[in-house]
Amino acid sequence: MTFSLSIPTNLKQNRLAIKLTSKGENYVQQGHPWVFSDSIVKINDDAQTGDLAIIFGKRKNGMIGIGIYDADSPIRIKMIYSQDKPTQIDADFFLRKIKKAHQKRLSLLKTETTSYRLIFGENDGFPSLIADVYNSVLVVKLYSEIWLPYLNTILESLVETSGCKTVVMRLSRGLQQSNSHQLKDGEVVYGNLENEVVMFKEHGVNFSANVIKGHKTGYFLDHRENRRQVGLLSENKTVLDVFSYAGGFSVHALANGAREVTSLDISEQALEIAKQNGNLNEYPGTHFTLAGDAFKILEQLIKEKKKFDVVVIDPPSFAKQQTEIQLAKKKYAQLARLGEQLTAREGLLVLASCSSRVPATAFYDVNEQTLISTKRSFSVEQKTQHDIDHPIGFTEGAYLKCGYYRFHD
């Protein structure tokens, strides 16, 4: 198996002996995947990005875990092994981890679904690395240079496990600007890609993803189960999909017999993709699109006294920094108020958040307090998190939350 990688790859990296503070040591022993720079007490002088970091505990001076050193990040060591039993970091080590991740997805792969996240970063033991499958195309996105020395070996294991025929590399903005490699964002490093737009199925509904130019790896897979459920609840209904992007919720609603679906997004290009995705399926309803600022358009729809049977509001992250948390909560409250005014009697309001810094309890509390203040009678039908191919391995890994609110008047 040969990959067209213009970087040297080998598994014989320098090994660093690391000692941590008591707090840092406790985090490692609890299985947390991040070691911050201020937790490091002792380290080799010649440490370089990609080196294996062997962490030794204070008691008996024995090994308690292994990570990969990242000189360019405040998360200085990204853990790949959190046990005190000796192990060899080799091709078999990575293959075992990838096969273990694949096993967790098997129930999803038994459905009529041909797209899934095979590796979910830290949650699957591969910090700063994402691997998504779209039909027979594997898209690997790197967020750190730590993986460059191991890339060839990991790609071999990913292809062997997934059975994919093509591999596309996607790079974070930081890696795109790095001079330490010759990889290019969107580069096909294995097999052939006949079309950058790849077709796939999601519970029997047809979609497409641009694996070269699309956001992230081409599509957002984490909401799959919520999209399926919204689709099933949309038969013969009118649906408003806010922050629709490529029309995930919209297309499921259309494919499940919604009478009328309106996709709202600031990007006209995204709305065009949403229409194209809709047209990959047969549907009896009508698909409208609205381009512009969601907050302003929702206000306008309220002025026009519009009502929808199902309203889905799935905004981008509002809190990318700690300082933005309070503002994010205000925006979520504002969206809940706007969504309530657009939801018809006996209608369903679905509110979602992907801001990892806003915990689920805080998000649901904002929603419920806002809806209580409207004096409308409602019930919480369910609260959901990530789909099965986005397993949560540590607290910060749980970013997605979604609440379903049914109004009774």
# chains A, B, ... in the order shown; residues from 1 in each chain; ligands from 1

call {"tool": "closest_atom_pairs", "arguments": {"of": "segment 219-274 of chain A", "to": "segment 191-207 of chain A", "cutoff": "8 Å", "atoms": "only C-alpha atoms", "output": "CSV"}}
result
residue,atom,partner,partner_atom,distance
A:Arg224,CA,A:Glu202,CA,7.3
A:Arg228,CA,A:His203,CA,7.1
A:Val251,CA,A:Val205,CA,7.8
A:His252,CA,A:Val205,CA,6.7
A:Ala255,CA,A:Val205,CA,6.8

call {"tool": "select_by_dssp", "arguments": {"residues": "segment 29-135 of chain A", "states": "helix (DSSP H, G or I)", "output": "ChimeraX atom specification"}}
result
/A:29,37-39,91-104,106-109,121-124

call {"tool": "residues_around", "arguments": {"residues": "Val159 of chain A", "least_positions_apart": "6", "cutoff": "10 Å", "atoms": "only C-alpha atoms", "output": "list in words"}}
result
Met1, Ser136, Val137, Leu138, Lys165, Thr166, Val167 and Tyr190 of chain A

call {"tool": "closest_residue", "arguments": {"among": "A:Ile119, A:Leu271, A:Met63, A:Leu151", "to": "Gln29 of chain A", "atoms": "only C-alpha atoms"}}
result
A:Met63

call {"tool": "closest_residue", "arguments": {"among": "A:Asn279, A:Asn226, A:Gln369, A:Gln300", "to": "Tyr404 of chain A", "atoms": "only C-alpha atoms"}}
result
A:Asn226

call {"tool": "closest_residue", "arguments": {"among": "A:Thr114, A:Asn61, A:Thr384, A:Ser355", "to": "Val133 of chain A", "atoms": "only C-alpha atoms"}}
result
A:Thr114

call {"tool": "residues_around", "arguments": {"residues": "Lys213 of chain A", "least_positions_apart": "3", "cutoff": "8 Å", "atoms": "only C-alpha atoms", "output": "ChimeraX atom specification"}}
result
/A:186,210,218

call {"tool": "residues_around", "arguments": {"residues": "Val261 of chain A", "least_positions_apart": "2", "cutoff": "6 Å", "atoms": "only C-alpha atoms", "output": "tab-separated table (two decimals) with all heavy atoms, in the first residue's frame"}}
result
chain	number	residue	atom	x	y	z
A	238	THR	N	-45.05	21.44	7.96
A	238	THR	CA	-44.24	22.56	7.47
A	238	THR	C	-43.02	22.67	8.40
A	238	THR	O	-43.16	22.62	9.62
A	238	THR	CB	-45.02	23.88	7.48
A	238	THR	OG1	-45.49	24.16	8.80
A	238	THR	CG2	-46.19	23.81	6.53
A	239	VAL	N	-41.84	22.83	7.80
A	239	VAL	CA	-40.59	22.77	8.56
A	239	VAL	C	-39.72	23.98	8.26
A	239	VAL	O	-39.57	24.38	7.10
A	239	VAL	CB	-39.81	21.47	8.21
A	239	VAL	CG1	-38.49	21.40	9.00
A	239	VAL	CG2	-40.66	20.23	8.49
A	240	LEU	N	-39.14	24.57	9.31
A	240	LEU	CA	-38.16	25.65	9.17
A	240	LEU	C	-36.83	25.14	9.72
A	240	LEU	O	-36.73	24.75	10.88
A	240	LEU	CB	-38.60	26.89	9.95
A	240	LEU	CG	-37.60	28.06	9.98
A	240	LEU	CD1	-37.35	28.60	8.58
A	240	LEU	CD2	-38.09	29.16	10.91
A	287	HIS	N	-39.55	22.93	-1.47
A	287	HIS	CA	-38.34	23.35	-0.76
A	287	HIS	C	-38.06	24.82	-1.07
A	287	HIS	O	-37.76	25.19	-2.19
A	287	HIS	CB	-37.15	22.47	-1.19
A	287	HIS	CG	-35.94	22.66	-0.34
A	287	HIS	ND1	-34.73	22.07	-0.64
A	287	HIS	CD2	-35.74	23.35	0.82
A	287	HIS	CE1	-33.84	22.40	0.30
A	287	HIS	NE2	-34.42	23.17	1.18

call {"tool": "closest_residue", "arguments": {"among": "A:Leu106, A:Phe394, A:Thr374, A:Leu148", "to": "Leu171 of chain A", "atoms": "only C-alpha atoms"}}
result
A:Leu148

call {"tool": "atom_distance", "arguments": {"atom1": "atom CA of Ser373 of chain A", "atom2": "atom CA of Lys329 of chain A"}}
result
15.6 Å

call {"tool": "select_by_dssp", "arguments": {"residues": "segment 183-328 of chain A", "states": "strand (DSSP E)", "output": "number ranges by chain"}}
result
A: 187-190, 197-202, 205-210, 238-242, 260-265, 286-291, 308-313

call {"tool": "closest_residue", "arguments": {"among": "A:Tyr219, A:Phe249, A:Phe120, A:Tyr283", "to": "Leu232 of chain A", "atoms": "only C-alpha atoms"}}
result
A:Phe249

call {"tool": "residues_around", "arguments": {"residues": "segment 88-99 of chain A", "least_positions_apart": "3", "cutoff": "8 Å", "atoms": "only C-alpha atoms", "output": "list in words"}}
result
Leu11, His102, Gln103, Leu118, Ile119, Asp124, Gly125, Thr153, Ile154, Ser157, Leu158 and Thr161 of chain A

call {"tool": "write_last_selection", "arguments": {"atoms": "N, CA and C atoms", "output": "PDB file, in the first residue's frame"}}
result
ATOM      1  N   LEU A  11       8.416   5.376  12.734  1.00  0.00           N
ATOM      2  CA  LEU A  11       7.931   5.226  14.093  1.00  0.00           C
ATOM      3  C   LEU A  11       9.070   5.269  15.113  1.00  0.00           C
ATOM      4  N   HIS A 102     -13.515   1.130  15.104  1.00  0.00           N
ATOM      5  CA  HIS A 102     -14.427   0.624  14.071  1.00  0.00           C
ATOM      6  C   HIS A 102     -15.514  -0.255  14.690  1.00  0.00           C
ATOM      7  N   GLN A 103     -15.141  -1.050  15.681  1.00  0.00           N
ATOM      8  CA  GLN A 103     -16.103  -1.940  16.342  1.00  0.00           C
ATOM      9  C   GLN A 103     -17.256  -1.144  16.953  1.00  0.00           C
ATOM     10  N   LEU A 118     -14.928   7.502  11.557  1.00  0.00           N
ATOM     11  CA  LEU A 118     -14.173   6.334  12.019  1.00  0.00           C
ATOM     12  C   LEU A 118     -13.278   6.683  13.205  1.00  0.00           C
ATOM     13  N   ILE A 119     -12.664   7.861  13.167  1.00  0.00           N
ATOM     14  CA  ILE A 119     -11.816   8.310  14.277  1.00  0.00           C
ATOM     15  C   ILE A 119     -12.279   9.692  14.731  1.00  0.00           C
ATOM     16  N   ASP A 124     -11.268   8.723  20.580  1.00  0.00           N
ATOM     17  CA  ASP A 124     -10.846   7.400  20.106  1.00  0.00           C
ATOM     18  C   ASP A 124      -9.350   7.190  20.274  1.00  0.00           C
ATOM     19  N   GLY A 125      -8.703   8.064  21.050  1.00  0.00           N
ATOM     20  CA  GLY A 125      -7.275   7.894  21.314  1.00  0.00           C
ATOM     21  C   GLY A 125      -6.358   8.437  20.240  1.00  0.00           C
ATOM     22  N   THR A 153       1.848   5.007   8.506  1.00  0.00           N
ATOM     23  CA  THR A 153       1.403   3.814   9.227  1.00  0.00           C
ATOM     24  C   THR A 153      -0.081   3.899   9.568  1.00  0.00           C
ATOM     25  N   ILE A 154      -0.518   5.068  10.044  1.00  0.00           N
ATOM     26  CA  ILE A 154      -1.921   5.239  10.429  1.00  0.00           C
ATOM     27  C   ILE A 154      -2.835   5.157   9.210  1.00  0.00           C
ATOM     28  N   SER A 157      -3.463   1.582   8.228  1.00  0.00           N
ATOM     29  CA  SER A 157      -4.419   0.920   9.121  1.00  0.00           C
ATOM     30  C   SER A 157      -5.840   1.404   8.881  1.00  0.00           C
ATOM     31  N   LEU A 158      -6.006   2.687   8.602  1.00  0.00           N
ATOM     32  CA  LEU A 158      -7.334   3.236   8.322  1.00  0.00           C
ATOM     33  C   LEU A 158      -7.925   2.634   7.050  1.00  0.00           C
ATOM     34  N   THR A 161      -8.813  -1.078   7.622  1.00  0.00           N
ATOM     35  CA  THR A 161      -9.999  -1.249   8.466  1.00  0.00           C
ATOM     36  C   THR A 161     -11.279  -0.813   7.772  1.00  0.00           C
TER      37      THR A 161
END

call {"tool": "residues_around", "arguments": {"residues": "segment 32-34 of chain A", "least_positions_apart": "4", "cutoff": "6 Å", "atoms": "only C-alpha atoms", "output": "ChimeraX atom specification"}}
result
/A:27-28,75,78-79

call {"tool": "write_last_selection", "arguments": {"atoms": "N, CA, C and O atoms", "output": "short mmCIF file (atom, residue, chain, number, x, y, z; two decimals), in the first residue's frame"}}
result
data_model
loop_
_atom_site.label_atom_id
_atom_site.label_comp_id
_atom_site.auth_asym_id
_atom_site.auth_seq_id
_atom_site.Cartn_x
_atom_site.Cartn_y
_atom_site.Cartn_z
N TYR A 27 -4.59 13.70 36.35
CA TYR A 27 -5.36 13.77 35.11
C TYR A 27 -5.00 12.61 34.17
O TYR A 27 -5.88 11.99 33.57
N VAL A 28 -3.71 12.33 34.05
CA VAL A 28 -3.28 11.24 33.18
C VAL A 28 -3.83 9.91 33.69
O VAL A 28 -4.34 9.09 32.91
N ILE A 75 -1.41 22.65 24.94
CA ILE A 75 -1.59 21.24 25.29
C ILE A 75 -0.31 20.54 24.82
O ILE A 75 -0.21 20.07 23.69
N LYS A 78 -0.17 15.20 24.06
CA LYS A 78 -1.48 14.64 23.72
C LYS A 78 -1.39 13.13 23.91
O LYS A 78 -0.62 12.45 23.23
N MET A 79 -2.19 12.62 24.83
CA MET A 79 -2.06 11.23 25.27
C MET A 79 -2.61 10.24 24.23
O MET A 79 -3.66 10.47 23.63
#
